[in-house]
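Shown here: model-v3.pdb, PDB, C-alpha atoms.
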ATOM      1  CA  MET A 996      21.538   1.091  -3.926
ATOM      2  CA  GLU A 997      23.865  -0.254  -6.593
ATOM      3  CA  PRO A 998      22.327  -1.583  -9.819
ATOM      4  CA  GLN A 999      22.037  -5.353  -9.727
ATOM      5  CA  THR A1000      22.824  -7.533 -12.695
ATOM      6  CA  ALA A1001      20.511 -10.265 -13.882
ATOM      7  CA  ASP A1002      23.178 -12.876 -13.004
ATOM      8  CA  ALA A1003      23.409 -11.596  -9.414
ATOM      9  CA  ALA A1004      19.666 -11.453  -9.074
ATOM     10  CA  SER A1005      19.151 -14.982 -10.419
ATOM     11  CA  ARG A1006      20.700 -16.678  -7.359
ATOM     12  CA  ASP A1007      17.400 -16.453  -5.455
ATOM     13  CA  ALA A1008      15.200 -14.600  -7.925
ATOM     14  CA  ALA A1009      12.128 -16.830  -7.777
ATOM     15  CA  GLU A1010      10.657 -19.160  -5.177
ATOM     16  CA  GLU A1011       7.774 -21.517  -5.924
ATOM     17  CA  VAL A1012       5.495 -20.842  -2.955
ATOM     18  CA  LEU A1013       2.521 -22.869  -4.246
ATOM     19  CA  PRO A1014       2.266 -25.194  -7.262
ATOM     20  CA  GLY A1015       2.674 -22.951 -10.297
ATOM     21  CA  VAL A1016       2.974 -19.787  -8.133
ATOM     22  CA  TYR A1017       6.323 -17.982  -7.911
ATOM     23  CA  ARG A1018       7.355 -15.227  -5.511
ATOM     24  CA  ILE A1019       9.827 -12.866  -7.206
ATOM     25  CA  GLU A1020      11.545 -10.449  -4.850
ATOM     26  CA  LEU A1021      12.637  -7.093  -6.281
ATOM     27  CA  PRO A1022      14.878  -4.568  -4.486
ATOM     28  CA  LEU A1023      13.552  -1.177  -3.383
ATOM     29  CA  PRO A1024      15.731   1.933  -2.964
ATOM     30  CA  PHE A1025      14.296   2.787   0.457
ATOM     31  CA  GLU A1026      13.695   1.381   3.911
ATOM     32  CA  LEU A1027      11.351  -1.500   3.021
ATOM     33  CA  GLU A1028      14.248  -2.873   0.920
ATOM     34  CA  ALA A1029      12.200  -5.312  -1.200
ATOM     35  CA  ILE A1030       8.800  -6.032  -2.698
ATOM     36  CA  ASN A1031       7.283  -9.381  -3.628
ATOM     37  CA  LEU A1032       5.727  -9.877  -7.044
ATOM     38  CA  TYR A1033       3.762 -13.065  -7.670
ATOM     39  CA  LEU A1034       3.705 -14.937 -10.967
ATOM     40  CA  LEU A1035       0.783 -17.386 -11.338
ATOM     41  CA  ARG A1036       0.386 -19.865 -14.162
ATOM     42  CA  LEU A1037      -2.792 -19.480 -16.207
ATOM     43  CA  GLU A1038      -4.235 -21.920 -18.723
ATOM     44  CA  VAL A1039      -2.289 -19.882 -21.281
ATOM     45  CA  GLY A1040       0.579 -17.760 -20.010
ATOM     46  CA  TYR A1041       0.892 -16.104 -16.611
ATOM     47  CA  LEU A1042      -0.699 -13.532 -14.305
ATOM     48  CA  LEU A1043       1.690 -11.081 -12.630
ATOM     49  CA  ILE A1044       0.564  -9.474  -9.368
ATOM     50  CA  ASP A1045       2.175  -6.012  -8.976
ATOM     51  CA  CYS A1046       5.196  -4.620 -10.804
ATOM     52  CA  GLY A1047       7.859  -3.079  -8.535
ATOM     53  CA  MET A1048       9.691   0.215  -9.031
ATOM     54  CA  ASN A1049      11.236   1.287 -12.320
ATOM     55  CA  THR A1050      14.914   0.846 -11.458
ATOM     56  CA  PRO A1051      17.647  -1.152 -13.250
ATOM     57  CA  ALA A1052      18.009  -3.425 -10.223
ATOM     58  CA  SER A1053      14.280  -4.200 -10.117
ATOM     59  CA  PHE A1054      14.094  -4.854 -13.851
ATOM     60  CA  ALA A1055      17.107  -7.209 -13.686
ATOM     61  CA  ALA A1056      15.655  -9.105 -10.713
ATOM     62  CA  LEU A1057      12.283  -9.517 -12.433
ATOM     63  CA  GLU A1058      13.871 -10.688 -15.661
ATOM     64  CA  ALA A1059      15.942 -13.228 -13.709
ATOM     65  CA  GLY A1060      12.871 -14.367 -11.781
ATOM     66  CA  LEU A1061      10.889 -14.931 -14.952
ATOM     67  CA  HIS A1062      13.765 -16.987 -16.355
ATOM     68  CA  MET A1063      13.922 -19.159 -13.222
ATOM     69  CA  ALA A1064      10.170 -19.725 -13.427
ATOM     70  CA  GLY A1065      10.538 -20.818 -17.050
ATOM     71  CA  ALA A1066       8.661 -17.773 -18.368
ATOM     72  CA  SER A1067       9.420 -14.930 -20.772
ATOM     73  CA  TRP A1068       8.065 -11.400 -20.996
ATOM     74  CA  GLN A1069       5.665 -12.497 -23.719
ATOM     75  CA  ASP A1070       4.222 -15.176 -21.431
ATOM     76  CA  ILE A1071       2.748 -12.521 -19.106
ATOM     77  CA  ARG A1072      -0.873 -12.186 -20.225
ATOM     78  CA  LEU A1073      -2.394 -10.314 -17.263
ATOM     79  CA  ILE A1074      -0.988  -7.730 -14.822
ATOM     80  CA  LEU A1075      -3.065  -7.105 -11.699
ATOM     81  CA  LEU A1076      -2.101  -4.064  -9.633
ATOM     82  CA  THR A1077      -3.223  -4.316  -6.007
ATOM     83  CA  HIS A1078      -2.977  -0.514  -5.656
ATOM     84  CA  MET A1079      -1.345   2.554  -7.164
ATOM     85  CA  HIS A1080       1.645   3.165  -4.901
ATOM     86  CA  PRO A1081       4.893   3.582  -6.868
ATOM     87  CA  ASP A1082       6.584   0.410  -5.616
ATOM     88  CA  HIS A1083       3.629  -1.537  -7.045
ATOM     89  CA  ILE A1084       3.141   0.141 -10.435
ATOM     90  CA  GLY A1085       6.553   1.579 -11.399
ATOM     91  CA  LEU A1086       7.533  -1.066 -13.955
ATOM     92  CA  SER A1087       4.011  -1.581 -15.306
ATOM     93  CA  PRO A1088       4.385   0.527 -18.498
ATOM     94  CA  ARG A1089       7.635  -1.243 -19.394
ATOM     95  CA  ILE A1090       6.246  -4.713 -18.670
ATOM     96  CA  LYS A1091       3.128  -3.990 -20.719
ATOM     97  CA  GLU A1092       5.283  -2.814 -23.618
ATOM     98  CA  LEU A1093       7.407  -5.988 -23.484
ATOM     99  CA  SER A1094       4.548  -8.425 -22.954
ATOM    100  CA  GLY A1095       1.391  -6.914 -24.413
ATOM    101  CA  ALA A1096      -0.369  -7.970 -21.206
ATOM    102  CA  ALA A1097      -3.682  -6.467 -20.111
ATOM    103  CA  ILE A1098      -3.584  -4.380 -16.910
ATOM    104  CA  LEU A1099      -6.278  -4.802 -14.236
ATOM    105  CA  MET A1100      -6.869  -2.289 -11.407
ATOM    106  CA  HIS A1101      -9.780  -1.424  -9.142
ATOM    107  CA  GLU A1102     -11.813   1.475 -10.522
ATOM    108  CA  ILE A1103     -11.488   3.552  -7.336
ATOM    109  CA  GLU A1104      -7.712   3.171  -7.376
ATOM    110  CA  ALA A1105      -7.568   4.167 -11.038
ATOM    111  CA  GLU A1106      -9.585   7.308 -10.245
ATOM    112  CA  HIS A1107      -7.217   8.095  -7.362
ATOM    113  CA  LEU A1108      -4.206   7.768  -9.683
ATOM    114  CA  ASP A1109      -5.881   9.948 -12.315
ATOM    115  CA  ALA A1110      -6.412  12.670  -9.700
ATOM    116  CA  LEU A1111      -2.671  13.249  -9.237
ATOM    117  CA  GLU A1112      -1.437  16.610 -10.470
ATOM    118  CA  ASP A1113       0.086  16.096 -13.922
ATOM    119  CA  GLU A1114       3.313  18.062 -13.529
ATOM    120  CA  SER A1115       4.387  17.074 -10.026
ATOM    121  CA  ARG A1116       2.479  13.768  -9.595
ATOM    122  CA  ARG A1117       1.496  15.123  -6.157
ATOM    123  CA  LEU A1118      -1.763  14.437  -4.433
ATOM    124  CA  PRO A1119      -3.917  17.493  -5.195
ATOM    125  CA  TYR A1120      -4.687  17.965  -1.494
ATOM    126  CA  LEU A1121      -1.132  17.403  -0.225
ATOM    127  CA  HIS A1122      -0.184  20.936   0.802
ATOM    128  CA  ALA A1123      -3.669  21.683   2.131
ATOM    129  CA  ALA A1124      -3.297  18.616   4.375
ATOM    130  CA  TYR A1125       0.151  19.759   5.528
ATOM    131  CA  ALA A1126      -1.294  23.182   6.340
ATOM    132  CA  ALA A1127      -4.346  21.733   8.109
ATOM    133  CA  GLY A1128      -1.976  19.556  10.114
ATOM    134  CA  GLY A1129      -0.079  22.600  11.314
ATOM    135  CA  VAL A1130       3.214  21.561   9.701
ATOM    136  CA  PRO A1131       5.678  24.503   9.555
ATOM    137  CA  ALA A1132       6.389  25.761   6.022
ATOM    138  CA  ASP A1133      10.101  24.828   6.062
ATOM    139  CA  LEU A1134       9.305  21.252   7.121
ATOM    140  CA  GLN A1135       6.560  21.045   4.468
ATOM    141  CA  ALA A1136       9.181  21.878   1.831
ATOM    142  CA  GLN A1137      11.570  19.226   3.176
ATOM    143  CA  MET A1138       8.807  16.603   3.231
ATOM    144  CA  ASP A1139       7.826  17.438  -0.338
ATOM    145  CA  ARG A1140      11.424  17.258  -1.602
ATOM    146  CA  GLN A1141      12.008  13.809  -0.107
ATOM    147  CA  PHE A1142       9.117  12.427  -2.170
ATOM    148  CA  VAL A1143      10.465  13.565  -5.550
ATOM    149  CA  PHE A1144      12.294  10.296  -6.272
ATOM    150  CA  VAL A1145       9.193   8.263  -5.349
ATOM    151  CA  ARG A1146       6.718  10.334  -7.369
ATOM    152  CA  LYS A1147       8.631   9.788 -10.604
ATOM    153  CA  ASP A1148       7.303   6.202 -10.556
ATOM    154  CA  LEU A1149       3.669   7.340 -10.267
ATOM    155  CA  HIS A1150       3.035   6.767 -13.965
ATOM    156  CA  ASP A1151      -0.199   7.291 -15.770
ATOM    157  CA  VAL A1152      -1.681   3.807 -16.004
ATOM    158  CA  ALA A1153      -4.579   3.123 -18.332
ATOM    159  CA  PRO A1154      -6.052  -0.173 -17.081
ATOM    160  CA  ASP A1155      -7.524  -2.420 -19.735
ATOM    161  CA  THR A1156     -10.022  -3.699 -17.160
ATOM    162  CA  LEU A1157     -11.453  -1.757 -14.223
ATOM    163  CA  LEU A1158     -12.331  -3.998 -11.302
ATOM    164  CA  LYS A1159     -15.260  -3.498  -8.948
ATOM    165  CA  GLY A1160     -14.621  -6.465  -6.635
ATOM    166  CA  GLY A1161     -16.170  -9.902  -6.780
ATOM    167  CA  GLU A1162     -14.501 -10.851 -10.057
ATOM    168  CA  SER A1163     -12.893 -14.285 -10.345
ATOM    169  CA  LEU A1164      -9.848 -15.355 -12.361
ATOM    170  CA  ASP A1165      -8.974 -18.976 -13.102
ATOM    171  CA  CYS A1166      -5.360 -19.921 -12.441
ATOM    172  CA  CYS A1167      -3.190 -22.880 -11.438
ATOM    173  CA  ILE A1168      -4.494 -22.926  -7.838
ATOM    174  CA  GLY A1169      -8.158 -22.607  -8.778
ATOM    175  CA  ALA A1170     -10.371 -19.555  -8.698
ATOM    176  CA  LEU A1171      -8.777 -16.274  -7.637
ATOM    177  CA  GLU A1172     -11.340 -13.883  -6.139
ATOM    178  CA  VAL A1173     -10.890 -10.097  -6.186
ATOM    179  CA  ILE A1174     -11.662  -8.678  -2.716
ATOM    180  CA  PRO A1175     -11.759  -4.886  -2.210
ATOM    181  CA  THR A1176      -9.800  -4.001   0.941
ATOM    182  CA  PRO A1177      -9.688  -0.190   1.209
ATOM    183  CA  GLY A1178      -7.672   1.401   3.986
ATOM    184  CA  HIS A1179      -4.020   1.499   2.980
ATOM    185  CA  SER A1180      -5.293   3.099  -0.228
ATOM    186  CA  PRO A1181      -8.851   3.821  -1.375
ATOM    187  CA  GLY A1182      -9.085   1.050  -3.985
ATOM    188  CA  HIS A1183      -6.676  -1.571  -2.644
ATOM    189  CA  VAL A1184      -7.565  -5.185  -3.491
ATOM    190  CA  CYS A1185      -6.492  -8.578  -2.175
ATOM    191  CA  LEU A1186      -6.765 -11.835  -4.143
ATOM    192  CA  TYR A1187      -8.170 -14.903  -2.407
ATOM    193  CA  ALA A1188      -7.710 -18.467  -3.601
ATOM    194  CA  PRO A1189     -10.279 -20.486  -1.586
ATOM    195  CA  GLU A1190      -9.167 -23.907  -2.879
ATOM    196  CA  ALA A1191      -5.551 -23.245  -1.890
ATOM    197  CA  LYS A1192      -6.614 -21.280   1.221
ATOM    198  CA  ALA A1193      -4.180 -18.562   0.183
ATOM    199  CA  LEU A1194      -4.428 -14.767   0.209
ATOM    200  CA  PHE A1195      -2.320 -12.460  -1.950
ATOM    201  CA  SER A1196      -2.569  -9.546   0.462
ATOM    202  CA  GLY A1197      -0.687  -6.700  -1.241
ATOM    203  CA  ASP A1198      -0.019  -4.087   1.452
ATOM    204  CA  HIS A1199      -3.225  -4.830   3.378
ATOM    205  CA  VAL A1200      -1.637  -7.529   5.573
ATOM    206  CA  LEU A1201       2.154  -7.555   5.964
ATOM    207  CA  ASN A1202       4.617  -9.760   7.783
ATOM    208  CA  GLU A1203       5.992  -8.230  11.023
ATOM    209  CA  ILE A1204       4.899  -4.649  10.228
ATOM    210  CA  THR A1205       1.592  -2.823   9.893
ATOM    211  CA  PRO A1206       0.749  -0.853   6.744
ATOM    212  CA  ASN A1207       0.523   2.917   6.850
ATOM    213  CA  ILE A1208      -3.054   4.236   7.001
ATOM    214  CA  SER A1209      -3.098   7.743   5.532
ATOM    215  CA  TRP A1210      -5.759  10.430   5.590
ATOM    216  CA  HIS A1211      -7.761  11.086   2.426
ATOM    217  CA  PRO A1212     -10.375  13.836   2.071
ATOM    218  CA  GLU A1213     -13.965  12.796   2.777
ATOM    219  CA  HIS A1214     -12.902   9.271   3.797
ATOM    220  CA  ASP A1215     -12.616   7.408   7.071
ATOM    221  CA  MET A1216      -9.541   5.481   5.969
ATOM    222  CA  LEU A1217      -8.954   3.889   9.375
ATOM    223  CA  GLY A1218     -12.595   2.826   9.592
ATOM    224  CA  ASP A1219     -12.347   1.383   6.080
ATOM    225  CA  TYR A1220      -9.154  -0.457   6.993
ATOM    226  CA  LEU A1221     -10.564  -2.001  10.166
ATOM    227  CA  ALA A1222     -13.682  -3.132   8.269
ATOM    228  CA  SER A1223     -11.456  -4.652   5.580
ATOM    229  CA  LEU A1224      -9.515  -6.541   8.254
ATOM    230  CA  GLU A1225     -12.770  -8.044   9.560
ATOM    231  CA  LYS A1226     -13.569  -9.167   6.029
ATOM    232  CA  ILE A1227     -10.200 -10.938   5.760
ATOM    233  CA  ALA A1228     -10.515 -12.495   9.242
ATOM    234  CA  ALA A1229     -13.702 -14.257   8.116
ATOM    235  CA  LEU A1230     -11.879 -16.106   5.309
ATOM    236  CA  ASP A1231     -10.413 -19.606   5.560
ATOM    237  CA  ILE A1232      -6.715 -18.906   4.997
ATOM    238  CA  ASP A1233      -3.668 -21.085   5.601
ATOM    239  CA  ARG A1234      -1.117 -18.838   3.941
ATOM    240  CA  ILE A1235      -0.725 -15.086   3.546
ATOM    241  CA  LEU A1236       1.393 -14.007   0.561
ATOM    242  CA  PRO A1237       2.209 -10.325   1.263
ATOM    243  CA  ALA A1238       3.844  -7.661  -0.889
ATOM    244  CA  HIS A1239       6.606  -7.158   1.693
ATOM    245  CA  GLY A1240       8.188  -9.832   3.861
ATOM    246  CA  ALA A1241       8.037 -13.607   3.790
ATOM    247  CA  PRO A1242       4.780 -15.572   3.424
ATOM    248  CA  PHE A1243       3.251 -16.461   6.783
ATOM    249  CA  SER A1244       0.202 -17.903   8.501
ATOM    250  CA  GLY A1245      -2.026 -16.951  11.434
ATOM    251  CA  HIS A1246      -4.058 -14.220   9.774
ATOM    252  CA  ARG A1247      -6.697 -13.982  12.508
ATOM    253  CA  GLU A1248      -4.096 -13.368  15.195
ATOM    254  CA  TRP A1249      -2.478 -10.771  12.932
ATOM    255  CA  VAL A1250      -5.839  -9.041  12.456
ATOM    256  CA  ARG A1251      -6.467  -9.067  16.215
ATOM    257  CA  ALA A1252      -3.043  -7.625  17.017
ATOM    258  CA  THR A1253      -3.251  -4.980  14.286
ATOM    259  CA  THR A1254      -6.731  -3.889  15.343
ATOM    260  CA  GLU A1255      -5.432  -3.553  18.898
ATOM    261  CA  HIS A1256      -2.484  -1.514  17.619
ATOM    262  CA  HIS A1257      -4.837   1.041  16.058
ATOM    263  CA  ILE A1258      -6.994   1.177  19.196
ATOM    264  CA  GLN A1259      -3.839   1.916  21.193
ATOM    265  CA  ARG A1260      -2.774   4.572  18.673
ATOM    266  CA  CYS A1261      -6.156   6.261  19.085
ATOM    267  CA  ASP A1262      -5.658   6.195  22.866
ATOM    268  CA  GLU A1263      -2.179   7.744  22.477
ATOM    269  CA  ILE A1264      -3.648  10.535  20.344
ATOM    270  CA  LEU A1265      -6.405  11.200  22.875
ATOM    271  CA  LYS A1266      -3.796  11.417  25.622
ATOM    272  CA  ALA A1267      -1.783  13.862  23.502
ATOM    273  CA  ILE A1268      -4.882  16.051  23.046
ATOM    274  CA  ASP A1269      -5.814  15.898  26.731
ATOM    275  CA  ALA A1270      -3.523  18.809  27.614
ATOM    276  CA  GLY A1271      -5.448  21.181  25.298
ATOM    277  CA  ALA A1272      -6.066  22.103  21.671
ATOM    278  CA  VAL A1273      -3.298  20.744  19.443
ATOM    279  CA  THR A1274      -2.514  20.268  15.761
ATOM    280  CA  ALA A1275      -1.700  16.951  14.082
ATOM    281  CA  HIS A1276       1.918  18.114  13.773
ATOM    282  CA  GLU A1277       2.080  18.732  17.522
ATOM    283  CA  ILE A1278       0.519  15.330  18.215
ATOM    284  CA  VAL A1279       3.254  13.684  16.122
ATOM    285  CA  GLY A1280       5.860  15.397  18.307
ATOM    286  CA  ARG A1281       4.205  14.057  21.466
ATOM    287  CA  ILE A1282       3.846  10.457  20.257
ATOM    288  CA  TRP A1283       7.139  10.057  18.368
ATOM    289  CA  THR A1284       9.627  11.466  20.841
ATOM    290  CA  ARG A1285      12.616  10.858  18.542
ATOM    291  CA  ARG A1286      13.239  13.201  15.616
ATOM    292  CA  LEU A1287      11.682  11.856  12.439
ATOM    293  CA  GLU A1288      13.175  12.279   8.994
ATOM    294  CA  PRO A1289      10.920  14.513   6.859
ATOM    295  CA  ILE A1290       9.584  11.570   4.810
ATOM    296  CA  HIS A1291       8.624   9.714   8.011
ATOM    297  CA  HIS A1292       7.125  12.887   9.478
ATOM    298  CA  HIS A1293       4.859  12.995   6.410
ATOM    299  CA  PHE A1294       3.598   9.467   7.064
ATOM    300  CA  ALA A1295       3.163  10.218  10.774
ATOM    301  CA  VAL A1296       1.105  13.379  10.121
ATOM    302  CA  PHE A1297      -1.155  11.584   7.643
ATOM    303  CA  GLU A1298      -1.555   8.610   9.989
ATOM    304  CA  VAL A1299      -2.510  10.917  12.872
ATOM    305  CA  LEU A1300      -4.993  12.753  10.627
ATOM    306  CA  ALA A1301      -6.557   9.405   9.625
ATOM    307  CA  HIS A1302      -6.994   8.414  13.269
ATOM    308  CA  LEU A1303      -8.366  11.848  14.159
ATOM    309  CA  GLU A1304     -10.906  11.665  11.341
ATOM    310  CA  HIS A1305     -11.992   8.212  12.528
ATOM    311  CA  MET A1306     -12.471   9.476  16.081
ATOM    312  CA  ARG A1307     -14.204  12.647  14.881
ATOM    313  CA  ARG A1308     -16.829  10.462  13.204
ATOM    314  CA  GLN A1309     -17.198   8.587  16.486
ATOM    315  CA  GLY A1310     -17.803  11.875  18.302
ATOM    316  CA  ARG A1311     -14.677  11.542  20.426
ATOM    317  CA  VAL A1312     -12.791  14.575  19.068
ATOM    318  CA  ASP A1313     -13.559  17.730  17.121
ATOM    319  CA  ALA A1314     -11.534  20.508  15.524
ATOM    320  CA  THR A1315     -11.718  24.243  15.009
ATOM    321  CA  GLU A1316     -10.078  25.874  11.998
ATOM    322  CA  THR A1317      -7.974  29.028  12.222
ATOM    323  CA  SER A1318      -6.328  30.300   9.008
ATOM    324  CA  GLY A1319      -6.496  26.800   7.512
ATOM    325  CA  VAL A1320      -4.958  25.066  10.555
ATOM    326  CA  LEU A1321      -7.025  22.515  12.491
ATOM    327  CA  GLU A1322      -6.737  22.454  16.281
ATOM    328  CA  TRP A1323      -8.146  19.312  17.877
ATOM    329  CA  ARG A1324      -9.982  18.968  21.197
ATOM    330  CA  LEU A1325     -11.628  16.163  23.118
ATOM    331  CA  THR A1326     -15.423  16.102  22.999
ATOM    332  CA  ARG A1327     -15.631  13.471  25.724
ATOM    333  CA  ARG A1328     -13.178  11.840  28.074
ATOM    334  CA  PRO A1329     -11.439   8.724  26.695
TER     335      PRO A1329
END
Turn this file's structure into structure tokens for me.
Amino acid sequence: MEPQTADAASRDAAEEVLPGVYRIELPLPFELEAINLYLLRLEVGYLLIDCGMNTPASFAALEAGLHMAGASWQDIRLILLTHMHPDHIGLSPRIKELSGAAILMHEIEAEHLDALEDESRRLPYLHAAYAAGGVPADLQAQMDRQFVFVRKDLHDVAPDTLLKGGESLDCCIGALEVIPTPGHSPGHVCLYAPEAKALFSGDHVLNEITPNISWHPEHDMLGDYLASLEKIAALDIDRILPAHGAPFSGHREWVRATTEHHIQRCDEILKAIDAGAVTAHEIVGRIWTRRLEPIHHHFAVFEVLAHLEHMRRQGRVDATETSGVLEWRLTRRP
């Protein structure tokens, strides 16, 4: 992706989506193409939700968006990171340096970020998960290499405030409530504005696509995600403001359809296991019949592992380990 100048970015850099709330779209150098940051007016200065990746194009687009919103770097007083993925935190050190803003992040997400291996910025359990999934060694190496450019944006972030959930921030559209929504990541949060009936959904609820649910050790990430969806469905919301895609409405229908999607994915996995003991890698090959690029194979393996762990806790599947590789079997008929 070619670097974008501030002048080019300024043509549609900021959109006022609610009174005093601006959506600033930044480019991404991969398939999602763009991420939405949200700038909300406070009594003094602004709150910025998420930070984008640390690329020249993203920095130029954000600078242009701030200008269109009538704000400067120094006007940013708070930075709230919905979660620690690199497209959400990449520019945070630079923005903090320019603005002096305080960074807020959920305590579980901060712990997850701290657990990354210092040299490589890899998840400490990454290769063990590849091995447990039965991924061949040559494909493991390809998958790891394709993440190098993403991991460079997994900066150490020292939040000034660790969130637990339940906190409230006052902004131009009234109170903004911090709602923990684990699933896409362990400490993901959404921000709910009850007076405006608006939800800043991060990657928890997205327009036209479903977020990736990845396996984490000792967690039922799919179970957490489905429970978080129920929590969001209970809220009175007129407008979803997601991290990717245009704002939209109809959150309860989205929750219903997404829940059904994961039920169907579980059924597909059970059908793939029905023929006999299989690894997560083999299940990926049976569900995704087209060849996946290594980076997409990574996401598919981790998604399958998350669904398997969810069903293992339900007593529907179980696994036996041989030389570190898990082979999955049905414990009862689907």
Identify, on the basis of only C-alpha atoms, every residue whose closest approach to Gln1309 (chain A) does not exceed 12 Å; exclude the query and any residue fewer than 4 positions from it along the same chain; express the result as an NGL selection string.
-> :A and (1215 or 1217-1218 or 1261 or 1302-1305 or 1313 or 1325-1327 or 1329)
So that I can check the surroundings of His1239 (chain A), please list as an mmCIF file with C-alpha atoms, in the coordinates of the input every protein, DNA and RNA residue that reaches within 7 Å of it, counting only C-alpha atoms and ignoring chain neighbours fewer than 2 positions away.
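Once written, selection.cif looks like this:
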data_model
loop_
_atom_site.group_PDB
_atom_site.id
_atom_site.type_symbol
_atom_site.label_atom_id
_atom_site.label_comp_id
_atom_site.auth_asym_id
_atom_site.auth_seq_id
_atom_site.Cartn_x
_atom_site.Cartn_y
_atom_site.Cartn_z
ATOM 1 C CA ALA A 1029 12.200 -5.312 -1.200
ATOM 2 C CA ILE A 1030 8.800 -6.032 -2.698
ATOM 3 C CA ASN A 1031 7.283 -9.381 -3.628
ATOM 4 C CA LEU A 1201 2.154 -7.555 5.964
ATOM 5 C CA ASN A 1202 4.617 -9.760 7.783
ATOM 6 C CA PRO A 1237 2.209 -10.325 1.263
ATOM 7 C CA ALA A 1241 8.037 -13.607 3.790
#
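Computed from the coordinates, the CA of Ile1232 (chain A) to CA of Ser1196 (chain A) distance equals 11.2 Å.
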Proximity check region 1019-1123 of chain A to region 1270-1294 of chain A, 12 Å, nearest pairs one decimal Å, only C-alpha atoms, as a tab-separated table:
residue	atom	partner	partner_atom	distance
A:Phe1025	CA	A:Ile1290	CA	10.9
A:Glu1026	CA	A:His1291	CA	10.6
A:Leu1121	CA	A:His1293	CA	10.0
A:His1122	CA	A:His1293	CA	11.0
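Taking CA of Leu1057 (chain A) and CA of Ala1097 (chain A) as endpoints, the distance between them is 18.0 Å.
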Give me the residues within 7 Å of Ile1044 (chain A) as a PyMOL selection string, counting all atoms listed in the file and dropping any in the same chain fewer than 5 places off.
-> chain A and resi 1032-1034+1074-1076
Produce a file of the selected residues containing C-alpha atoms, as an mmCIF file, in the frame of the given file.
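In the end it all went to part12.cif:
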data_model
loop_
_atom_site.group_PDB
_atom_site.id
_atom_site.type_symbol
_atom_site.label_atom_id
_atom_site.label_comp_id
_atom_site.auth_asym_id
_atom_site.auth_seq_id
_atom_site.Cartn_x
_atom_site.Cartn_y
_atom_site.Cartn_z
ATOM 1 C CA LEU A 1032 5.727 -9.877 -7.044
ATOM 2 C CA TYR A 1033 3.762 -13.065 -7.670
ATOM 3 C CA LEU A 1034 3.705 -14.937 -10.967
ATOM 4 C CA ILE A 1074 -0.988 -7.730 -14.822
ATOM 5 C CA LEU A 1075 -3.065 -7.105 -11.699
ATOM 6 C CA LEU A 1076 -2.101 -4.064 -9.633
#
Straight-line distance linking CA of Ala1127 (chain A) with CA of Gly1319 (chain A), stated in Å to one decimal | 5.5 Å
Can you turn the PyMOL selection byres ((chain A and resi 1013-1016) around 7) into a concrete residue list for this file, as an MDAnalysis selection string?
-> chainID A and resid 1011:1012 1017:1018 1033:1036 1167
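Counting all atoms listed in the file, the residue from A:Ala1059, A:Leu1300, A:Ile1258, A:Leu1164 that sits nearest to Ser1209 (chain A) is A:Leu1300.
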Nearest-residue call for His1199 (chain A), choices A:Glu1102, A:Asp1219, A:Glu1213, A:Asp1233, using all atoms listed in the file | A:Asp1219
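In terms of minimum interatomic distance to Val1299 (chain A), A:Ala1124 ranks closest within A:Leu1230, A:Leu1224, A:Ala1124, A:Ala1153, counting all atoms listed in the file.
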Run the PyMOL selection byres ((chain A and resi 1176-1193) around 9) mentally over the shown coordinates, then write out the matched residues as a VMD selection string, using the chain letters and numbers from the document.
-> chain A and resid 1013 1076 to 1080 1100 to 1107 1160 1168 to 1175 1194 to 1199 1206 to 1209 1211 1214 to 1224 1226 to 1227 1230 to 1236
List the residues selected by the PyMOL selection byres ((chain A and resi 1049-1053) around 6) in the file shown, writing them as JSON, numbers by chain.
-> {"A": [998, 999, 1021, 1022, 1048, 1054, 1055, 1056, 1085, 1086]}
May I have the residues within 6 Å of His1083 (chain A) as an mmCIF file with C-alpha atoms, in the frame of the given file, using all atoms listed in the file and disregarding those fewer than 5 positions away in the same chain?
data_model
loop_
_atom_site.group_PDB
_atom_site.id
_atom_site.type_symbol
_atom_site.label_atom_id
_atom_site.label_comp_id
_atom_site.auth_asym_id
_atom_site.auth_seq_id
_atom_site.Cartn_x
_atom_site.Cartn_y
_atom_site.Cartn_z
ATOM 1 C CA ASP A 1045 2.175 -6.012 -8.976
ATOM 2 C CA CYS A 1046 5.196 -4.620 -10.804
ATOM 3 C CA GLY A 1047 7.859 -3.079 -8.535
#
Could you work out an axis-aligned box for region 1320-1324 of chain A, taking every atom the file lists and adding 3 Å on each side, and report centre and edge lengths in Å to one decimal, as AutoDock Vina command-line options?
--center_x -7.5 --center_y 22.0 --center_z 15.9 --size_x 11.0 --size_y 12.1 --size_z 16.6
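You can rank A:Pro1212, A:Trp1323, A:Thr1253, A:Val1312 by their closest distance to Tyr1120 (chain A) using only C-alpha atoms, and at the top of that list sits A:Pro1212.
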Residues within 12 Å of Ser1318 (chain A), all atoms listed in the file, excluding chain neighbours under 5 positions, as a PyMOL selection string | chain A and resi 1123+1126-1129
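With only C-alpha atoms as the atoms that count, the minimum distance from Phe1243 (chain A) to the choices A:Asp1269, A:Asp1109, A:Glu1203, A:Asp1262 is reached by A:Glu1203.
Nearest residue to Leu1321 (chain A), choosing from A:Ile1264, A:Ala1136, A:Ile1098, A:Val1130 and counting all atoms listed in the file: A:Val1130.
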